[in-house]
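Asker: Structure supplied as run_13.csv; contents: CSV, C-alpha atoms.
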```
chain,number,residue,atom,x,y,z
A,24,VAL,CA,102.2,111.5,114.9
A,25,PHE,CA,99.3,109.0,114.6
A,26,SER,CA,96.3,109.2,116.9
A,27,VAL,CA,94.0,106.2,117.1
A,28,LEU,CA,90.5,107.0,118.4
A,29,GLY,CA,88.8,103.9,119.6
A,30,SER,CA,92.0,102.1,120.5
A,31,ASP,CA,90.2,99.7,122.9
A,32,GLY,CA,88.1,98.2,120.1
A,33,PHE,CA,88.9,95.2,117.9
A,34,ILE,CA,90.3,97.1,114.9
A,35,GLY,CA,91.6,100.1,116.8
A,36,ALA,CA,93.7,98.0,119.2
A,37,ALA,CA,95.2,95.9,116.3
A,38,LEU,CA,95.9,99.1,114.4
A,39,ALA,CA,97.7,100.8,117.3
A,40,LYS,CA,99.9,97.7,117.8
A,41,GLU,CA,100.7,97.7,114.0
A,42,LEU,CA,101.7,101.3,114.1
A,43,MET,CA,103.9,100.9,117.2
A,44,ARG,CA,105.5,97.8,115.8
A,45,SER,CA,106.4,99.8,112.7
A,46,GLY,CA,108.2,102.5,114.9
A,47,GLU,CA,105.5,105.2,114.5
A,48,GLN,CA,104.8,107.7,117.2
A,49,VAL,CA,101.3,106.7,118.3
A,50,ARG,CA,98.8,108.3,120.7
A,51,VAL,CA,95.8,106.2,121.7
A,52,PHE,CA,92.4,107.3,122.9
A,53,ASN,CA,89.0,105.8,123.7
A,54,ARG,CA,85.6,107.2,124.7
A,55,ARG,CA,86.7,107.3,128.4
A,56,ASN,CA,89.9,109.1,127.5
A,57,MET,CA,89.4,111.5,124.6
A,58,PRO,CA,91.9,114.2,123.6
A,59,LEU,CA,91.5,117.7,125.0
A,60,ALA,CA,90.3,120.5,122.7
A,61,GLY,CA,93.1,121.9,120.7
A,62,GLU,CA,95.4,119.0,121.2
A,63,ARG,CA,97.8,118.2,118.3
A,64,LEU,CA,96.7,114.8,116.9
A,65,GLY,CA,98.6,114.5,113.6
A,66,THR,CA,97.0,111.8,111.4
A,67,VAL,CA,93.8,110.6,113.1
A,68,PHE,CA,92.4,107.1,112.6
A,69,TYR,CA,88.8,107.3,113.6
A,70,CYS,CA,87.9,103.8,114.7
A,71,ILE,CA,85.0,104.7,117.0
A,72,GLY,CA,81.8,102.9,116.1
A,73,VAL,CA,78.9,100.7,117.1
A,74,THR,CA,78.6,97.4,115.3
A,75,THR,CA,76.4,94.4,115.9
A,76,ASP,CA,74.1,95.9,118.5
A,77,TYR,CA,73.3,99.1,116.6
A,78,ARG,CA,69.6,98.2,116.3
A,79,SER,CA,69.2,98.5,120.1
A,80,ARG,CA,71.5,101.6,120.3
A,81,ILE,CA,70.1,104.0,117.8
A,82,LEU,CA,71.3,107.2,119.6
A,83,ASP,CA,74.7,105.7,120.6
A,84,THR,CA,75.2,104.8,116.9
A,85,ALA,CA,74.6,108.3,115.7
A,86,ASP,CA,76.7,109.7,118.5
A,87,SER,CA,79.7,107.4,117.7
A,88,HIS,CA,79.6,107.7,113.9
A,89,VAL,CA,78.8,111.5,113.7
A,90,SER,CA,78.7,113.6,116.9
A,91,VAL,CA,82.1,112.6,118.2
A,92,LEU,CA,83.6,113.1,114.7
A,93,VAL,CA,82.1,116.6,114.6
A,94,ASP,CA,83.8,117.5,117.9
A,95,ILE,CA,87.2,116.2,116.6
A,96,VAL,CA,86.9,118.2,113.3
A,97,ARG,CA,85.7,121.3,115.0
A,98,ASN,CA,87.9,121.5,118.1
A,99,HIS,CA,91.2,119.7,117.4
A,100,ASP,CA,94.4,120.2,115.6
A,101,PHE,CA,95.0,117.5,113.0
A,102,ASP,CA,96.7,116.9,109.7
A,103,ARG,CA,94.2,114.5,108.3
A,104,ILE,CA,91.5,112.0,109.4
A,105,VAL,CA,91.1,108.4,108.2
A,106,TYR,CA,87.5,107.5,108.9
A,107,LEU,CA,86.5,103.9,109.2
A,108,SER,CA,83.2,103.3,107.4
A,109,SER,CA,81.8,100.0,106.2
A,110,THR,CA,80.9,98.1,103.0
A,111,ARG,CA,77.7,97.3,104.8
A,112,ILE,CA,76.3,100.4,103.2
A,113,TYR,CA,76.3,98.5,99.9
A,114,ALA,CA,73.6,96.2,101.2
A,115,GLU,CA,70.8,95.9,98.6
A,116,GLN,CA,72.6,98.3,96.3
A,117,GLU,CA,73.3,97.7,92.6
A,118,SER,CA,77.0,98.4,92.7
A,119,GLY,CA,79.9,98.1,95.1
A,120,ARG,CA,82.0,100.8,93.5
A,121,GLU,CA,83.1,103.7,95.6
A,122,ASP,CA,81.7,106.3,93.2
A,123,ALA,CA,78.3,104.5,92.8
A,124,PRO,CA,75.2,106.3,94.2
A,125,ILE,CA,73.7,104.9,97.5
A,126,ARG,CA,70.0,104.5,98.0
A,127,VAL,CA,68.8,105.1,101.5
A,128,THR,CA,65.6,104.7,103.5
A,129,PRO,CA,65.7,107.4,106.2
A,130,MET,CA,62.3,106.6,107.8
A,131,ASP,CA,63.5,103.1,108.7
A,132,PRO,CA,65.3,103.3,112.1
A,133,LEU,CA,67.2,100.1,111.3
A,134,GLU,CA,69.0,102.1,108.6
A,135,ILE,CA,70.7,104.2,111.2
A,136,TYR,CA,74.0,102.3,110.9
A,137,GLY,CA,74.4,103.0,107.2
A,138,LEU,CA,72.9,106.5,107.3
A,139,SER,CA,75.2,107.6,110.2
A,140,LYS,CA,78.2,106.2,108.4
A,141,LEU,CA,77.3,108.1,105.3
A,142,VAL,CA,76.9,111.3,107.3
A,143,GLY,CA,80.4,110.7,108.7
A,144,GLU,CA,81.7,110.1,105.2
A,145,SER,CA,80.2,113.4,104.1
A,146,ILE,CA,81.9,115.3,106.9
A,147,ILE,CA,85.3,113.8,105.9
A,148,ALA,CA,84.7,114.6,102.2
A,149,SER,CA,84.1,118.2,103.2
A,150,LEU,CA,87.7,118.4,104.5
A,151,GLY,CA,89.2,117.8,101.0
A,152,VAL,CA,91.3,114.9,99.7
A,153,ASP,CA,94.4,116.1,101.5
A,154,ARG,CA,92.8,116.2,104.9
A,155,GLY,CA,90.2,113.4,104.9
A,156,VAL,CA,89.9,109.9,103.6
A,157,VAL,CA,87.2,107.3,104.1
A,158,VAL,CA,87.8,103.6,104.3
A,159,ARG,CA,84.9,101.3,103.8
A,160,LEU,CA,85.9,98.0,105.5
A,161,SER,CA,84.4,94.6,104.7
A,162,ASN,CA,83.8,92.1,107.5
A,163,VAL,CA,87.0,91.9,109.5
A,164,LEU,CA,88.2,88.6,111.0
A,165,GLY,CA,90.9,88.2,113.6
A,166,PRO,CA,91.6,86.7,117.1
A,167,SER,CA,89.0,88.5,119.1
A,168,GLY,CA,87.1,86.6,121.8
A,169,ASN,CA,84.4,89.1,122.5
A,170,SER,CA,83.1,89.8,119.1
A,171,ARG,CA,79.5,89.1,118.2
A,172,ASN,CA,80.0,89.4,114.4
A,173,PHE,CA,78.6,86.7,112.2
A,174,VAL,CA,81.6,84.3,111.7
A,175,PHE,CA,82.5,84.6,115.4
A,176,ASP,CA,79.0,83.7,116.3
A,177,LEU,CA,79.0,80.7,114.0
A,178,CYS,CA,82.2,79.4,115.7
A,179,ARG,CA,80.7,80.0,119.1
A,180,GLN,CA,77.6,78.1,118.2
A,181,ALA,CA,79.5,75.3,116.6
A,182,VAL,CA,81.5,74.7,119.8
A,183,SER,CA,78.2,74.4,121.6
A,184,GLY,CA,77.1,71.7,119.1
A,185,THR,CA,74.5,73.4,116.9
A,186,ILE,CA,74.6,76.3,114.5
A,187,ASN,CA,71.2,78.0,114.1
A,188,LEU,CA,71.1,80.0,110.9
A,189,PHE,CA,68.7,82.8,110.1
A,190,SER,CA,70.1,83.5,106.7
A,191,PRO,CA,70.3,80.9,103.8
A,192,LEU,CA,73.4,78.8,103.3
A,193,GLU,CA,74.0,80.4,99.9
A,194,ALA,CA,74.2,83.9,101.3
A,195,ARG,CA,77.6,85.5,100.6
A,196,LYS,CA,79.7,88.2,102.3
A,197,ASP,CA,83.1,89.7,101.8
A,198,TYR,CA,85.7,89.0,104.5
A,199,VAL,CA,89.1,90.5,105.2
A,200,HIS,CA,91.9,89.4,107.6
A,201,ILE,CA,92.8,91.8,110.4
A,202,ASP,CA,96.5,91.7,109.5
A,203,ASP,CA,95.7,92.9,106.0
A,204,VAL,CA,93.4,95.6,107.3
A,205,VAL,CA,95.9,97.2,109.7
A,206,ARG,CA,98.7,97.0,107.1
A,207,LEU,CA,96.6,98.8,104.5
A,208,LEU,CA,95.3,101.4,107.0
A,209,HIS,CA,98.8,102.2,107.9
A,210,ARG,CA,99.7,102.8,104.2
A,211,ILE,CA,96.5,104.8,103.6
A,212,GLY,CA,97.2,106.9,106.6
A,213,ARG,CA,100.7,107.7,105.4
A,214,ALA,CA,99.6,108.9,102.0
A,215,SER,CA,96.7,108.3,99.5
A,216,ARG,CA,95.6,109.8,96.2
A,217,MET,CA,91.9,109.3,96.7
A,218,ASN,CA,89.5,110.2,99.5
A,219,LEU,CA,87.5,106.9,99.5
A,220,TYR,CA,88.6,103.3,99.4
A,221,ASN,CA,87.0,99.9,99.7
A,222,VAL,CA,89.2,97.6,101.8
A,223,ALA,CA,87.8,94.2,100.8
A,224,ASN,CA,88.7,91.0,99.1
A,225,GLY,CA,86.4,91.7,96.2
A,226,THR,CA,84.9,88.2,96.3
A,227,GLY,CA,82.2,87.0,98.6
A,228,VAL,CA,82.3,83.8,100.5
A,229,ALA,CA,79.1,81.7,100.9
A,230,THR,CA,77.9,80.8,104.4
A,231,GLN,CA,77.9,77.1,103.5
A,232,ASP,CA,81.6,77.2,102.7
A,233,ILE,CA,82.4,78.9,106.0
A,234,ILE,CA,80.3,76.3,107.8
A,235,GLY,CA,82.0,73.5,105.9
A,236,SER,CA,85.4,74.8,107.1
A,237,ILE,CA,84.1,75.1,110.7
A,238,ARG,CA,82.6,71.6,110.6
A,239,SER,CA,86.0,70.2,109.5
A,240,LEU,CA,87.4,71.6,112.8
A,241,VAL,CA,84.5,70.8,115.2
A,242,PRO,CA,81.5,68.5,114.6
A,243,CYS,CA,78.2,70.3,114.9
A,244,ASP,CA,74.6,70.3,113.6
A,245,VAL,CA,73.2,73.0,111.4
A,246,VAL,CA,69.6,74.2,111.5
A,247,VAL,CA,68.4,76.8,109.0
A,248,ALA,CA,65.3,78.8,109.9
A,249,PRO,CA,62.4,78.2,107.5
A,250,ASP,CA,62.0,81.9,107.0
A,251,ALA,CA,65.8,82.5,106.5
A,252,ARG,CA,66.4,85.5,104.3
A,253,ALA,CA,69.6,86.9,102.9
A,254,VAL,CA,70.6,90.5,102.6
A,255,SER,CA,72.1,90.8,99.1
A,256,PHE,CA,75.5,92.5,98.5
A,257,PRO,CA,77.0,93.4,95.1
A,258,GLU,CA,80.7,92.5,94.5
A,259,ILE,CA,82.8,95.0,96.3
A,260,ASP,CA,85.1,96.8,93.8
A,261,THR,CA,88.7,96.9,95.0
A,262,THR,CA,90.3,98.4,91.9
A,263,ARG,CA,91.4,101.6,93.7
A,264,LEU,CA,92.9,99.8,96.6
A,265,ARG,CA,94.8,97.2,94.5
A,266,THR,CA,96.1,99.9,92.1
A,267,GLU,CA,97.5,102.1,94.8
A,268,PHE,CA,98.3,99.8,97.7
A,269,GLY,CA,98.2,96.2,96.5
A,270,GLY,CA,95.8,93.4,97.5
A,271,MET,CA,95.3,91.1,100.4
A,272,GLU,CA,98.1,88.8,101.6
A,273,HIS,CA,95.9,86.5,103.7
A,274,SER,CA,92.7,84.4,103.4
A,275,ALA,CA,90.4,85.8,106.0
A,276,LEU,CA,89.1,82.3,106.8
A,277,GLU,CA,92.6,81.1,107.8
A,278,ILE,CA,91.7,82.5,111.3
A,279,LEU,CA,89.0,79.9,111.8
A,280,PRO,CA,91.2,77.3,113.7
A,281,THR,CA,92.3,80.1,116.1
A,282,LEU,CA,88.7,81.2,116.6
A,283,ILE,CA,87.5,77.7,117.3
A,284,GLU,CA,90.2,77.1,119.9
A,285,SER,CA,89.3,80.4,121.5
A,286,MET,CA,85.6,79.5,121.6
A,287,LYS,CA,86.4,76.1,123.2
A,288,LYS,CA,88.4,77.7,125.9
A,289,GLU,CA,85.6,80.2,126.4
A,290,LYS,CA,83.1,77.4,126.7
A,291,VAL,CA,85.2,75.5,129.3
A,292,SER,CA,85.6,78.7,131.3
A,293,ASN,CA,81.9,79.4,131.3
A,294,GLU,CA,81.1,75.9,132.4
A,295,SER,CA,83.5,75.9,135.2
A,296,ALA,CA,82.5,79.4,136.5
```
Would you write out, as structure tokens, the structure that this file holds?
Answerer:
Amino acid sequence: VFSVLGSDGFIGAALAKELMRSGEQVRVFNRRNMPLAGERLGTVFYCIGVTTDYRSRILDTADSHVSVLVDIVRNHDFDRIVYLSSTRIYAEQESGREDAPIRVTPMDPLEIYGLSKLVGESIIASLGVDRGVVVRLSNVLGPSGNSRNFVFDLCRQAVSGTINLFSPLEARKDYVHIDDVVRLLHRIGRASRMNLYNVANGTGVATQDIIGSIRSLVPCDVVVAPDARAVSFPEIDTTRLRTEFGGMEHSALEILPTLIESMKKEKVSNESA
């Protein structure tokens, strides 16, 4: 049995579909419909989280990444938990290896995303390698119309005619395709040798290359803010993932035409509303 917590989110919904398509027995839960205490959950995929708006939702972020996890671990019957963390915790770090130390700044409230994810990771680590595994996901791209993540926002702005950038064109991030993510999560959920994996491409893509691809699909202007500043990321190490489960089968940016068409339809719908 697989239980997907956060099944109404972007990744959780796609993962639930992948598991069902593969013939797995799947139970789905969201924050409005959580399992009762003592319920048998089997292997749990913990996909509950706050993403782009965490800066304005400090307490919700801590609750989603830590408090709900504590309740699941303390009060439910499960075989193991796969906890979805993020490679965002490698921001401004020296190394993107899973075993590298992470420097944190606890007195900065904007650090709540990474800090709360790391607390969640520690809880999972306390379960032991047989019962808990952490997956640090890079930036996931897929056909989601309501996302406010960076590339989705670039596509949305492009359709409106102008992209306003607050980070430099040379800034780089690591991106993964949703189909690869759910395939690899399924395999990790089935069995894994380690308790922590980076699920990433391992090579960052520059913002200027993404915008170049977008502009080949829809003409638009680009305005870079004069005080644009990039958050630096080290190369995300994917040796563990590739050794045990293989690499990516898709280019994350192949989703761009679909995103652009989705944004065009969204724009037309908003204008006619």
Asker: Hey, which of A:Ile278, A:Leu208, A:Ile112, A:Ala248 ends up closest to Gly137 (chain A)? Count all atoms listed in the file.
Answerer: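 Among the listed residues, the smallest separation from Gly137 (chain A) belongs to A:Ile112.
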Asker: Would you pick out the contacts of Val222 (chain A) at 7 Å or less, using only C-alpha atoms, so that residues sharing its chain but fewer than 3 positions from it are not included, and give the list as a PyMOL selection string?
Answerer: chain A and resi 158-161+261+264
Asker: Name all residues at most 12 Å from Lys40 (chain A) (count all atoms listed in the file; drop same-chain ones fewer than 2 positions away) and give them as a ChimeraX atom specification.
Answerer: /A:25,27,30-31,33-38,42-51,201-202,205-206,209
Asker: Can you pull out every residue within 10 Å of Phe173 (chain A), counting only C-alpha atoms, but drop anything in the same chain fewer than 5 positions away, and send it as JSON, numbers by chain?
Answerer: {"A": [75, 162, 164, 178, 179, 230]}
Asker: Could you work out how far CA of Ile233 (chain A) lies from CA of Ser183 (chain A), giving the answer in Å with one decimal?
Answerer: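 So the answer is 16.8 Å.
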Asker: Please, what distance in Å, to one decimal, runs between CA of Ser145 (chain A) and CA of Pro132 (chain A)?
Answerer: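 So the answer is 19.7 Å.
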Asker: Would you kindly return, as a PyMOL selection string, each protein, DNA or RNA residue with an atom no farther than 6 Å from any atom of Cys70 (chain A), considering all atoms listed in the file and excluding same-chain residues fewer than 6 positions away?
Answerer: chain A and resi 28-29+35+107
